[in-house]
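Trainee: Contents of final36.pdb (PDB, C-alpha atoms) are given next:
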```
ATOM      1  CA  SER C   1      32.012 -10.506  -3.762
ATOM      2  CA  SER C   2      33.900 -13.746  -4.049
ATOM      3  CA  THR C   3      34.041 -17.197  -2.538
ATOM      4  CA  SER C   4      36.899 -18.150  -0.266
ATOM      5  CA  ARG C   5      38.386 -21.612  -0.110
ATOM      6  CA  GLY C   6      40.672 -20.856   2.814
ATOM      7  CA  LEU C   7      40.263 -17.990   5.289
ATOM      8  CA  GLY C   8      43.652 -17.780   6.925
ATOM      9  CA  ASP C   9      45.531 -20.815   8.247
ATOM     10  CA  VAL C  10      43.176 -21.670  11.103
ATOM     11  CA  TYR C  11      40.314 -23.191   9.113
ATOM     12  CA  LYS C  12      39.361 -23.847   5.531
ATOM     13  CA  ARG C  13      35.793 -23.665   4.253
ATOM     14  CA  GLN C  14      33.620 -22.143   1.589
ATOM     15  CA  ALA C  15      32.420 -18.680   2.555
ATOM     16  CA  LEU C  16      30.948 -15.660   0.839
ATOM     17  CA  LEU C  17      33.218 -12.640   1.074
ATOM     18  CA  VAL C  18      32.556  -8.960   0.533
ATOM     19  CA  VAL C  19      35.613  -7.351  -1.078
ATOM     20  CA  SER C  20      36.609  -3.698  -0.763
ATOM     21  CA  LYS C  21      36.499  -1.410  -3.796
ATOM     22  CA  ASP C  22      40.305  -1.410  -4.014
ATOM     23  CA  THR C  23      40.301  -5.245  -3.643
ATOM     24  CA  LYS C  24      42.865  -5.001  -0.853
ATOM     25  CA  SER C  25      40.650  -6.156   2.012
ATOM     26  CA  ALA C  26      37.657  -8.399   2.595
ATOM     27  CA  VAL C  27      35.262  -9.549   5.269
ATOM     28  CA  ASP C  28      33.411 -12.805   5.797
ATOM     29  CA  ALA C  29      29.753 -12.250   4.864
ATOM     30  CA  SER C  30      28.552 -15.802   5.405
ATOM     31  CA  TYR C  31      26.395 -14.724   8.358
ATOM     32  CA  ILE C  32      24.321 -12.798   5.791
ATOM     33  CA  ALA C  33      24.403 -15.488   3.078
ATOM     34  CA  ALA C  34      26.431 -18.661   3.430
ATOM     35  CA  THR C  35      27.430 -18.826  -0.235
ATOM     36  CA  MET C  36      27.073 -16.840  -3.429
ATOM     37  CA  GLN C  37      24.248 -19.121  -4.513
ATOM     38  CA  ALA C  38      22.445 -18.503  -1.225
ATOM     39  CA  ALA C  39      22.761 -14.752  -1.828
ATOM     40  CA  LEU C  40      21.375 -15.103  -5.350
ATOM     41  CA  ASP C  41      18.472 -17.225  -4.106
ATOM     42  CA  ASP C  42      17.408 -14.437  -1.736
ATOM     43  CA  TRP C  43      18.919 -11.433  -3.530
ATOM     44  CA  ASP C  44      16.379  -8.739  -2.704
ATOM     45  CA  MET C  45      16.523  -9.581   0.989
ATOM     46  CA  VAL C  46      20.294  -9.890   1.424
ATOM     47  CA  THR C  47      21.538  -7.160  -0.949
ATOM     48  CA  PRO C  48      20.863  -4.224   1.428
ATOM     49  CA  LYS C  49      22.805  -6.029   4.175
ATOM     50  CA  LEU C  50      25.696  -6.830   1.840
ATOM     51  CA  GLU C  51      25.796  -3.234   0.594
ATOM     52  CA  GLU C  52      25.836  -1.907   4.140
ATOM     53  CA  LEU C  53      28.731  -4.250   4.983
ATOM     54  CA  TYR C  54      30.533  -3.185   1.790
ATOM     55  CA  ASN C  55      30.234   0.506   2.678
ATOM     56  CA  ARG C  56      31.521  -0.082   6.211
ATOM     57  CA  LEU C  57      34.435  -2.112   4.825
ATOM     58  CA  ASN C  58      35.409   0.701   2.451
ATOM     59  CA  ASN C  59      35.249   3.175   5.323
ATOM     60  CA  GLY C  60      37.408   0.988   7.569
ATOM     61  CA  LYS C  61      34.608   0.559  10.079
ATOM     62  CA  VAL C  62      34.004  -3.184  10.089
ATOM     63  CA  GLU C  63      35.405  -5.671  12.585
ATOM     64  CA  GLY C  64      36.906  -8.874  11.289
ATOM     65  CA  SER C  65      38.194  -7.485   8.002
ATOM     66  CA  PHE C  66      41.471  -8.873   6.700
ATOM     67  CA  ALA C  67      43.976  -8.328   3.898
ATOM     68  CA  LEU C  68      42.694 -10.119   0.836
ATOM     69  CA  ASN C  69      44.884 -12.986  -0.337
ATOM     70  CA  PHE C  70      43.785 -13.837  -3.861
ATOM     71  CA  SER C  71      45.309 -17.302  -3.544
ATOM     72  CA  ASP C  72      42.538 -18.135  -1.080
ATOM     73  CA  LEU C  73      39.763 -17.340  -3.553
ATOM     74  CA  ASP C  74      37.768 -19.982  -5.336
ATOM     75  CA  ALA C  75      35.453 -19.374  -8.291
ATOM     76  CA  PRO C  76      32.689 -16.997  -7.078
ATOM     77  CA  LEU C  77      30.107 -19.551  -8.241
ATOM     78  CA  PRO C  78      31.806 -22.983  -8.422
ATOM     79  CA  ARG C  79      28.663 -24.538  -9.892
ATOM     80  CA  CYS C  80      25.512 -23.013 -11.269
ATOM     81  CA  TYR C  81      22.072 -24.067 -12.423
ATOM     82  CA  GLN C  82      22.718 -23.227 -16.073
ATOM     83  CA  TYR C  83      25.677 -22.094 -18.165
ATOM     84  CA  LEU C  84      24.963 -20.425 -21.495
ATOM     85  CA  ASP C  85      27.625 -19.082 -23.813
ATOM     86  CA  GLY C  86      27.421 -17.324 -27.140
ATOM     87  CA  ALA C  87      29.353 -16.441 -30.250
ATOM     88  CA  CYS C  88      28.134 -12.874 -30.609
ATOM     89  CA  TYR C  89      31.212 -10.878 -31.671
ATOM     90  CA  LEU C  90      30.940 -10.816 -35.470
ATOM     91  CA  SER C  91      34.638 -10.661 -36.336
ATOM     92  CA  HIS C  92      35.238 -13.791 -34.240
ATOM     93  CA  ILE C  93      32.539 -15.700 -36.131
ATOM     94  CA  GLN C  94      33.529 -14.352 -39.538
ATOM     95  CA  ARG C  95      37.242 -15.143 -39.167
ATOM     96  CA  ASN C  96      36.734 -18.680 -37.939
ATOM     97  CA  ARG C  97      34.276 -19.436 -40.719
ATOM     98  CA  ALA C  98      36.403 -17.785 -43.413
ATOM     99  CA  ALA C  99      39.435 -19.851 -42.354
ATOM    100  CA  ARG C 100      37.516 -23.032 -43.157
ATOM    101  CA  GLY C 101      35.986 -21.644 -46.340
ATOM    102  CA  ASP C 102      32.547 -20.757 -44.988
ATOM    103  CA  SER C 103      30.684 -17.451 -45.089
ATOM    104  CA  LEU C 104      28.497 -15.969 -42.391
ATOM    105  CA  PRO C 105      25.010 -17.507 -42.249
ATOM    106  CA  ALA C 106      22.302 -15.386 -43.872
ATOM    107  CA  ASP C 107      20.430 -15.214 -40.556
ATOM    108  CA  ILE C 108      23.451 -14.200 -38.442
ATOM    109  CA  LEU C 109      21.772 -10.946 -37.359
ATOM    110  CA  ASP C 110      18.393 -12.554 -36.619
ATOM    111  CA  ALA C 111      19.328 -14.097 -33.273
ATOM    112  CA  PRO C 112      22.474 -14.669 -31.184
ATOM    113  CA  LEU C 113      24.351 -17.966 -31.445
ATOM    114  CA  ILE C 114      24.216 -19.580 -27.988
ATOM    115  CA  TYR C 115      24.933 -23.068 -26.653
ATOM    116  CA  GLN C 116      24.502 -24.670 -23.231
ATOM    117  CA  GLY C 117      27.733 -25.823 -21.593
ATOM    118  CA  ILE C 118      28.964 -27.469 -18.392
ATOM    119  CA  SER C 119      27.427 -25.711 -15.397
ATOM    120  CA  HIS C 120      29.618 -27.304 -12.728
ATOM    121  CA  GLY C 121      33.291 -27.604 -11.933
ATOM    122  CA  TYR C 122      34.274 -23.979 -12.554
ATOM    123  CA  MET C 123      37.951 -23.606 -11.803
ATOM    124  CA  ALA C 124      39.372 -20.834  -9.654
ATOM    125  CA  TRP C 125      41.326 -18.050 -11.301
ATOM    126  CA  ASN C 126      44.695 -19.744 -10.652
ATOM    127  CA  ASP C 127      43.777 -23.431 -10.859
ATOM    128  CA  PRO C 128      45.796 -25.455 -13.357
ATOM    129  CA  ILE C 129      43.909 -26.487 -16.475
ATOM    130  CA  LYS C 130      44.296 -30.261 -16.209
ATOM    131  CA  LEU C 131      43.380 -32.240 -19.302
ATOM    132  CA  PRO C 132      44.138 -35.781 -20.484
ATOM    133  CA  ASP C 133      45.756 -34.972 -23.859
ATOM    134  CA  GLU C 134      47.514 -31.828 -25.084
ATOM    135  CA  ASN C 135      46.749 -32.909 -28.652
ATOM    136  CA  HIS C 136      43.065 -32.113 -28.102
ATOM    137  CA  GLY C 137      43.853 -28.564 -29.230
ATOM    138  CA  ILE C 138      43.666 -26.667 -25.941
ATOM    139  CA  ASP C 139      42.589 -23.042 -26.210
ATOM    140  CA  PHE C 140      41.355 -20.219 -23.983
ATOM    141  CA  GLU C 141      38.534 -17.769 -24.689
ATOM    142  CA  ALA C 142      38.417 -14.403 -22.920
ATOM    143  CA  GLU C 143      34.885 -13.391 -21.984
ATOM    144  CA  ILE C 144      32.732 -11.459 -19.514
ATOM    145  CA  ALA C 145      29.797 -13.416 -18.106
ATOM    146  CA  ALA C 146      26.634 -12.152 -16.460
ATOM    147  CA  ILE C 147      25.141 -13.955 -13.464
ATOM    148  CA  THR C 148      21.378 -13.613 -13.283
ATOM    149  CA  GLY C 149      18.668 -13.883 -10.700
ATOM    150  CA  ASP C 150      15.217 -15.216 -11.581
ATOM    151  CA  VAL C 151      14.386 -14.543 -15.237
ATOM    152  CA  PRO C 152      10.802 -15.098 -16.385
ATOM    153  CA  ILE C 153       9.929 -16.875 -19.596
ATOM    154  CA  GLY C 154       9.194 -14.435 -22.428
ATOM    155  CA  VAL C 155      11.167 -11.539 -20.953
ATOM    156  CA  SER C 156      11.985  -8.708 -23.379
ATOM    157  CA  SER C 157      15.592  -7.825 -24.191
ATOM    158  CA  ILE C 158      15.165  -4.414 -22.551
ATOM    159  CA  GLU C 159      13.782  -5.871 -19.339
ATOM    160  CA  ALA C 160      16.208  -8.807 -19.328
ATOM    161  CA  THR C 161      19.234  -6.831 -18.137
ATOM    162  CA  THR C 162      17.393  -5.807 -14.947
ATOM    163  CA  HIS C 163      17.754  -9.448 -13.900
ATOM    164  CA  ILE C 164      21.570  -9.358 -14.071
ATOM    165  CA  LYS C 165      22.948  -9.380 -10.533
ATOM    166  CA  LEU C 166      26.689  -9.756 -11.139
ATOM    167  CA  PHE C 167      29.398  -9.821 -13.796
ATOM    168  CA  VAL C 168      32.488 -12.041 -13.705
ATOM    169  CA  LEU C 169      35.526 -12.748 -15.887
ATOM    170  CA  LEU C 170      35.337 -16.057 -17.778
ATOM    171  CA  ASN C 171      37.863 -18.317 -19.480
ATOM    172  CA  ASP C 172      35.742 -20.558 -21.691
ATOM    173  CA  ILE C 173      38.180 -23.371 -22.432
ATOM    174  CA  SER C 174      37.842 -25.036 -25.818
ATOM    175  CA  LEU C 175      39.406 -28.141 -27.359
ATOM    176  CA  ARG C 176      39.869 -27.219 -31.015
ATOM    177  CA  SER C 177      40.747 -30.706 -32.231
ATOM    178  CA  LEU C 178      37.504 -32.182 -30.887
ATOM    179  CA  ILE C 179      35.042 -29.434 -31.842
ATOM    180  CA  PRO C 180      34.911 -29.825 -35.665
ATOM    181  CA  ALA C 181      33.789 -33.457 -35.581
ATOM    182  CA  GLU C 182      31.161 -32.672 -32.962
ATOM    183  CA  LEU C 183      29.734 -29.779 -34.934
ATOM    184  CA  LYS C 184      29.674 -31.889 -38.091
ATOM    185  CA  ARG C 185      27.318 -34.309 -36.327
ATOM    186  CA  SER C 186      24.857 -31.370 -35.941
ATOM    187  CA  PHE C 187      24.212 -31.919 -32.234
ATOM    188  CA  GLY C 188      26.449 -29.220 -30.793
ATOM    189  CA  PHE C 189      29.413 -29.077 -28.423
ATOM    190  CA  LEU C 190      30.083 -31.780 -25.856
ATOM    191  CA  THR C 191      33.593 -33.157 -25.302
ATOM    192  CA  GLY C 192      35.087 -30.114 -27.041
ATOM    193  CA  LYS C 193      33.962 -27.870 -24.183
ATOM    194  CA  PRO C 194      35.406 -28.943 -20.792
ATOM    195  CA  SER C 195      34.991 -27.036 -17.528
ATOM    196  CA  SER C 196      35.696 -23.310 -17.620
ATOM    197  CA  SER C 197      37.305 -20.849 -15.197
ATOM    198  CA  LEU C 198      35.944 -17.782 -13.434
ATOM    199  CA  GLY C 199      37.802 -14.703 -12.252
ATOM    200  CA  PRO C 200      38.114 -14.263  -8.474
ATOM    201  CA  ILE C 201      35.687 -11.373  -7.966
ATOM    202  CA  ALA C 202      32.060 -11.046  -9.074
ATOM    203  CA  VAL C 203      31.020  -7.401  -9.432
ATOM    204  CA  THR C 204      27.553  -5.862  -9.233
ATOM    205  CA  PRO C 205      26.571  -3.805 -12.307
ATOM    206  CA  ASP C 206      26.460  -0.518 -10.374
ATOM    207  CA  GLU C 207      30.137  -0.892  -9.441
ATOM    208  CA  LEU C 208      31.069  -0.814 -13.129
ATOM    209  CA  GLY C 209      30.003   2.820 -13.418
ATOM    210  CA  ASP C 210      30.167   4.141 -16.984
ATOM    211  CA  LEU C 211      31.598   0.831 -18.219
ATOM    212  CA  TRP C 212      28.073  -0.635 -18.028
ATOM    213  CA  ASP C 213      25.522   1.018 -20.309
ATOM    214  CA  GLU C 214      22.679  -1.440 -19.543
ATOM    215  CA  LYS C 215      23.649  -3.402 -22.659
ATOM    216  CA  LEU C 216      27.381  -4.171 -22.781
ATOM    217  CA  VAL C 217      30.418  -3.947 -20.487
ATOM    218  CA  SER C 218      33.150  -1.736 -21.922
ATOM    219  CA  GLY C 219      36.832  -1.754 -21.065
ATOM    220  CA  LYS C 220      40.012  -3.448 -22.244
ATOM    221  CA  MET C 221      40.171  -7.234 -22.373
ATOM    222  CA  ASN C 222      43.884  -7.951 -22.034
ATOM    223  CA  CYS C 223      45.270 -11.405 -22.793
ATOM    224  CA  TRP C 224      48.696 -13.004 -22.523
ATOM    225  CA  VAL C 225      49.759 -16.392 -23.915
ATOM    226  CA  ARG C 226      52.986 -18.034 -22.805
ATOM    227  CA  GLY C 227      53.972 -14.742 -21.171
ATOM    228  CA  GLU C 228      53.542 -12.654 -24.326
ATOM    229  CA  LYS C 229      50.805 -10.047 -24.891
ATOM    230  CA  PHE C 230      48.191 -11.572 -27.158
ATOM    231  CA  GLY C 231      45.336  -9.068 -27.262
ATOM    232  CA  SER C 232      44.011  -5.788 -25.890
ATOM    233  CA  LEU C 233      40.411  -5.672 -27.029
ATOM    234  CA  GLU C 234      37.450  -3.365 -26.473
ATOM    235  CA  SER C 235      34.715  -5.493 -24.912
ATOM    236  CA  GLY C 236      31.961  -2.938 -25.460
ATOM    237  CA  GLU C 237      31.909  -3.078 -29.260
ATOM    238  CA  GLY C 238      31.918  -5.606 -32.077
ATOM    239  CA  THR C 239      28.660  -7.405 -31.327
ATOM    240  CA  PRO C 240      25.142  -6.632 -32.602
ATOM    241  CA  PHE C 241      23.700  -8.476 -29.607
ATOM    242  CA  ASP C 242      23.887  -7.370 -25.976
ATOM    243  CA  TYR C 243      23.280  -9.252 -22.713
ATOM    244  CA  GLY C 244      19.580  -8.429 -22.843
ATOM    245  CA  ASP C 245      19.303  -9.896 -26.332
ATOM    246  CA  ALA C 246      21.081 -13.082 -25.261
ATOM    247  CA  ILE C 247      18.955 -13.566 -22.141
ATOM    248  CA  ALA C 248      15.720 -12.822 -23.992
ATOM    249  CA  HIS C 249      16.614 -15.261 -26.772
ATOM    250  CA  VAL C 250      17.077 -18.158 -24.361
ATOM    251  CA  ALA C 251      14.043 -17.097 -22.308
ATOM    252  CA  ILE C 252      11.744 -17.525 -25.319
ATOM    253  CA  THR C 253      11.092 -21.054 -24.067
ATOM    254  CA  ARG C 254      12.479 -21.264 -20.514
ATOM    255  CA  THR C 255      12.871 -19.465 -17.215
ATOM    256  CA  PHE C 256      16.269 -18.885 -15.594
ATOM    257  CA  GLU C 257      17.013 -20.032 -12.062
ATOM    258  CA  PRO C 258      19.013 -17.638  -9.853
ATOM    259  CA  GLY C 259      22.667 -18.314 -10.467
ATOM    260  CA  THR C 260      22.484 -18.752 -14.246
ATOM    261  CA  ILE C 261      25.709 -17.762 -16.025
ATOM    262  CA  ILE C 262      25.422 -16.327 -19.544
ATOM    263  CA  ALA C 263      28.162 -14.825 -21.731
ATOM    264  CA  LEU C 264      28.413 -13.312 -25.203
ATOM    265  CA  GLY C 265      31.455 -15.291 -26.305
ATOM    266  CA  THR C 266      35.055 -14.474 -27.096
ATOM    267  CA  VAL C 267      35.658 -10.731 -27.213
ATOM    268  CA  SER C 268      36.739  -9.770 -30.720
ATOM    269  CA  ASN C 269      37.243  -6.527 -32.650
ATOM    270  CA  GLU C 270      37.436  -5.872 -36.385
ATOM    271  CA  ASP C 271      40.804  -4.119 -35.966
ATOM    272  CA  GLU C 272      43.341  -6.935 -36.320
ATOM    273  CA  THR C 273      46.076  -4.877 -34.645
ATOM    274  CA  LEU C 274      44.276  -5.246 -31.293
ATOM    275  CA  GLY C 275      45.042  -8.966 -31.224
ATOM    276  CA  CYS C 276      42.690 -11.780 -30.312
ATOM    277  CA  GLY C 277      40.825 -13.188 -27.325
ATOM    278  CA  CYS C 278      41.631 -16.802 -28.217
ATOM    279  CA  ILE C 279      44.327 -18.675 -30.135
ATOM    280  CA  GLY C 280      41.797 -20.207 -32.533
ATOM    281  CA  GLU C 281      40.907 -16.791 -33.912
ATOM    282  CA  GLN C 282      44.573 -15.833 -34.288
ATOM    283  CA  ARG C 283      45.170 -19.059 -36.208
ATOM    284  CA  ALA C 284      42.151 -18.274 -38.395
ATOM    285  CA  LEU C 285      43.629 -14.863 -39.228
ATOM    286  CA  GLU C 286      46.943 -16.504 -40.110
ATOM    287  CA  ILE C 287      45.181 -18.910 -42.468
ATOM    288  CA  ILE C 288      43.295 -16.030 -44.112
ATOM    289  CA  ASN C 289      46.319 -13.721 -44.397
ATOM    290  CA  GLU C 290      49.235 -16.144 -44.785
ATOM    291  CA  GLY C 291      47.730 -19.430 -45.945
ATOM    292  CA  SER C 292      48.489 -21.510 -42.843
ATOM    293  CA  PRO C 293      48.363 -21.224 -39.039
ATOM    294  CA  LYS C 294      51.579 -20.212 -37.265
ATOM    295  CA  THR C 295      50.585 -19.904 -33.590
ATOM    296  CA  ASP C 296      50.529 -23.095 -31.543
ATOM    297  CA  LEU C 297      47.569 -23.996 -29.390
ATOM    298  CA  LEU C 298      48.267 -24.516 -25.696
ATOM    299  CA  LYS C 299      50.497 -27.382 -24.632
ATOM    300  CA  PHE C 300      51.314 -28.785 -21.191
ATOM    301  CA  GLY C 301      53.440 -26.213 -19.359
ATOM    302  CA  ASP C 302      52.009 -23.229 -21.251
ATOM    303  CA  SER C 303      50.290 -20.357 -19.470
ATOM    304  CA  VAL C 304      47.392 -18.026 -20.233
ATOM    305  CA  LYS C 305      46.431 -14.822 -18.439
ATOM    306  CA  ILE C 306      43.295 -12.686 -18.822
ATOM    307  CA  ASP C 307      42.608  -9.335 -17.176
ATOM    308  CA  HIS C 308      39.724  -7.015 -18.028
ATOM    309  CA  GLN C 309      40.639  -3.437 -17.089
ATOM    310  CA  ASP C 310      39.018  -0.021 -17.075
ATOM    311  CA  TYR C 311      40.534   2.798 -19.121
ATOM    312  CA  ASP C 312      42.821   3.787 -16.239
ATOM    313  CA  GLY C 313      44.340   0.307 -16.152
ATOM    314  CA  ASN C 314      42.529  -0.916 -13.038
ATOM    315  CA  SER C 315      41.615  -4.602 -12.950
ATOM    316  CA  ILE C 316      37.837  -4.971 -12.647
ATOM    317  CA  PHE C 317      37.316  -8.645 -11.829
ATOM    318  CA  GLY C 318      40.813  -9.741 -10.829
ATOM    319  CA  VAL C 319      42.942 -11.794 -13.202
ATOM    320  CA  ILE C 320      42.632 -15.316 -14.522
ATOM    321  CA  ASP C 321      46.165 -16.745 -14.615
ATOM    322  CA  GLN C 322      46.447 -20.457 -15.369
ATOM    323  CA  LYS C 323      48.931 -23.090 -16.527
ATOM    324  CA  VAL C 324      48.044 -26.125 -18.595
ATOM    325  CA  GLU C 325      48.995 -29.415 -16.964
ATOM    326  CA  PRO C 326      48.472 -33.114 -17.681
ATOM    327  CA  LEU C 327      45.686 -34.870 -15.824
ATOM    328  CA  GLY C 328      46.794 -37.075 -12.956
TER
END
```
Could you spell out this file's structure in structure tokens?

Mentor:
Amino acid sequence: SSTSRGLGDVYKRQALLVVSKDTKSAVDASYIAATMQAALDDWDMVTPKLEELYNRLNNGKVEGSFALNFSDLDAPLPRCYQYLDGACYLSHIQRNRAARGDSLPADILDAPLIYQGISHGYMAWNDPIKLPDENHGIDFEAEIAAITGDVPIGVSSIEATTHIKLFVLLNDISLRSLIPAELKRSFGFLTGKPSSSLGPIAVTPDELGDLWDEKLVSGKMNCWVRGEKFGSLESGEGTPFDYGDAIAHVAITRTFEPGTIIALGTVSNEDETLGCGCIGEQRALEIINEGSPKTDLLKFGDSVKIDHQDYDGNSIFGVIDQKVEPLG
């Protein structure tokens, strides 16, 4: 499913869409649930109706279907009740810390590192990343986020994944020049983490098939920076913590509202030849291996593209393809 910001040329509005398996066609599902959030609020009731519509769409037996124009698609969940993001891939943490002369914390395997970020203003897959100053150290981070329904306080990690309703591609934008000073003040990220971007299509776990093992989503996280291939990473390995662990950790002291977005952080693998899922990690590797960073962070006019694919090269969530532009 996805959210449309313009169905055709006749009218423009927000509407929940059901998208065919091949992502070539779609149908307005707003008569079942007006928005993605409305569907999540009443998931058990609306899911059978959405599935029935999805099956008819795939079989070419639904009136009102149309060719899907990705340019019409907004973020599937433009704002949510809570956005949680982690740093769970160990090589990502280790490299960034090593580049600044730090080792991994002794308790790194005790619990996942997770912060709470901006839960509104998610950009569409092709929206420009507009920021006031390119010297803030603009970076992308390639991630897969889970969207949950209700999650009870105290849920176990095993039970937690049963509350995941959807997965979506995420570009967690970071401002590398602002983050160090914020972390040094020991109160976490704020200005260093602006609004993020979501891929165009949110996918139910069952549609992932063997890529979803009830813990992690496998597949190839492909990244391009300034038109050049930057990484082709395996998303299903490299982290000791899965989605259930992350959800359960946060749920120690709080419930989740339907429409909570939670991710495991930048996908990273120990094999350096696979590239990186953000420029910051590539720069860290250059410091470790060569003594100084060589790769520039994003500047106005630069582009970044992210596409998570299955092992046959099929795009799972649609691409995120954005340019960096000055604000105003």

Trainee: Select from stretch 54-169 of chain C every residue with an atom at most 12 Å from any atom of stretch 210-213 of chain C, then for each give the shortest pair of atoms and their distance in Å to one decimal, using only C-alpha atoms, rows by chain and rising number, as a Markdown table.

Mentor:
```
| residue | atom | partner | partner_atom | distance |
| --- | --- | --- | --- | --- |
| C:Ile144 | CA | C:Trp212 | CA | 11.9 |
| C:Ala146 | CA | C:Trp212 | CA | 11.7 |
| C:Ile158 | CA | C:Asp213 | CA | 11.9 |
| C:Thr161 | CA | C:Asp213 | CA | 10.3 |
| C:Thr162 | CA | C:Asp213 | CA | 11.9 |
| C:Ile164 | CA | C:Trp212 | CA | 11.6 |
| C:Leu166 | CA | C:Trp212 | CA | 11.5 |
| C:Phe167 | CA | C:Trp212 | CA | 10.2 |
```

Trainee: My list of candidates is C:Asn55, C:Ser2, C:Thr23, C:Asn222. Which is closest to C:Tyr311 when distances are computed with only C-alpha atoms?

Mentor: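 Of C:Asn55, C:Ser2, C:Thr23, C:Asn222, the one nearest C:Tyr311 is C:Asn222, counting only C-alpha atoms.
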
Trainee: Which of these residues is nearest to C:Lys165, using all atoms listed in the file: C:Ile262, C:Ala251, C:Val203, C:Ile32?

Mentor: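 The closest residue to C:Lys165 is C:Val203.
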
Trainee: Show me, as number ranges by chain, the residues that have an atom within 10 Å of C:Asp42 when counting all atoms listed in the file, minus same-chain residues fewer than 3 positions from it.

Mentor: C: 33, 37-39, 45-47, 149, 258

Trainee: Between atom CA of C:Ser103 and atom CA of C:Trp224, what is the spacing in Å?

Mentor: 29.2 Å

Trainee: Please write as a list in words the full residue list that the PyMOL selection byres ((chain C and resi 317) around 10) yields on this file.

Mentor: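 Applied to this file, the PyMOL selection byres ((chain C and resi 317) around 10) selects Ser1, Ser2, Thr23, Ile144, Phe167, Val168, Leu169, Leu170, Leu198, Gly199, Pro200, Ile201, Ala202, Val203, Asp307, His308, Gln309, Asn314, Ser315, Ile316, Gly318, Val319 and Ile320 of chain C.
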
Trainee: Nearest to C:Phe140: which of C:Leu104, C:Cys223, C:Leu233, C:Leu208 is it, counting all atoms listed in the file?

Mentor: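 Looking only at the distances to C:Phe140, the closest residue turns out to be C:Cys223.
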
Trainee: Suppose you want the space between atom CA of C:Gly238 and atom CA of C:Lys193; what is it in Å?

Mentor: 23.7 Å

Trainee: Of the residues C:Leu131, C:Ala98, C:Met221, C:Ile114, which is the one nearest to C:Gly188, using only C-alpha atoms?

Mentor: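 Closest to C:Gly188 of all the choices is C:Ile114.
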
Trainee: Got a sec to resolve the PyMOL selection byres ((chain C and resi 26) around 9) on this structure and send the residues as a list in words?

Mentor: Ser1, Leu17, Val18, Val19, Ser20, Thr23, Lys24, Ser25, Val27, Asp28, Tyr54, Leu57, Gly64, Ser65, Phe66, Ala67 and Leu68 of chain C
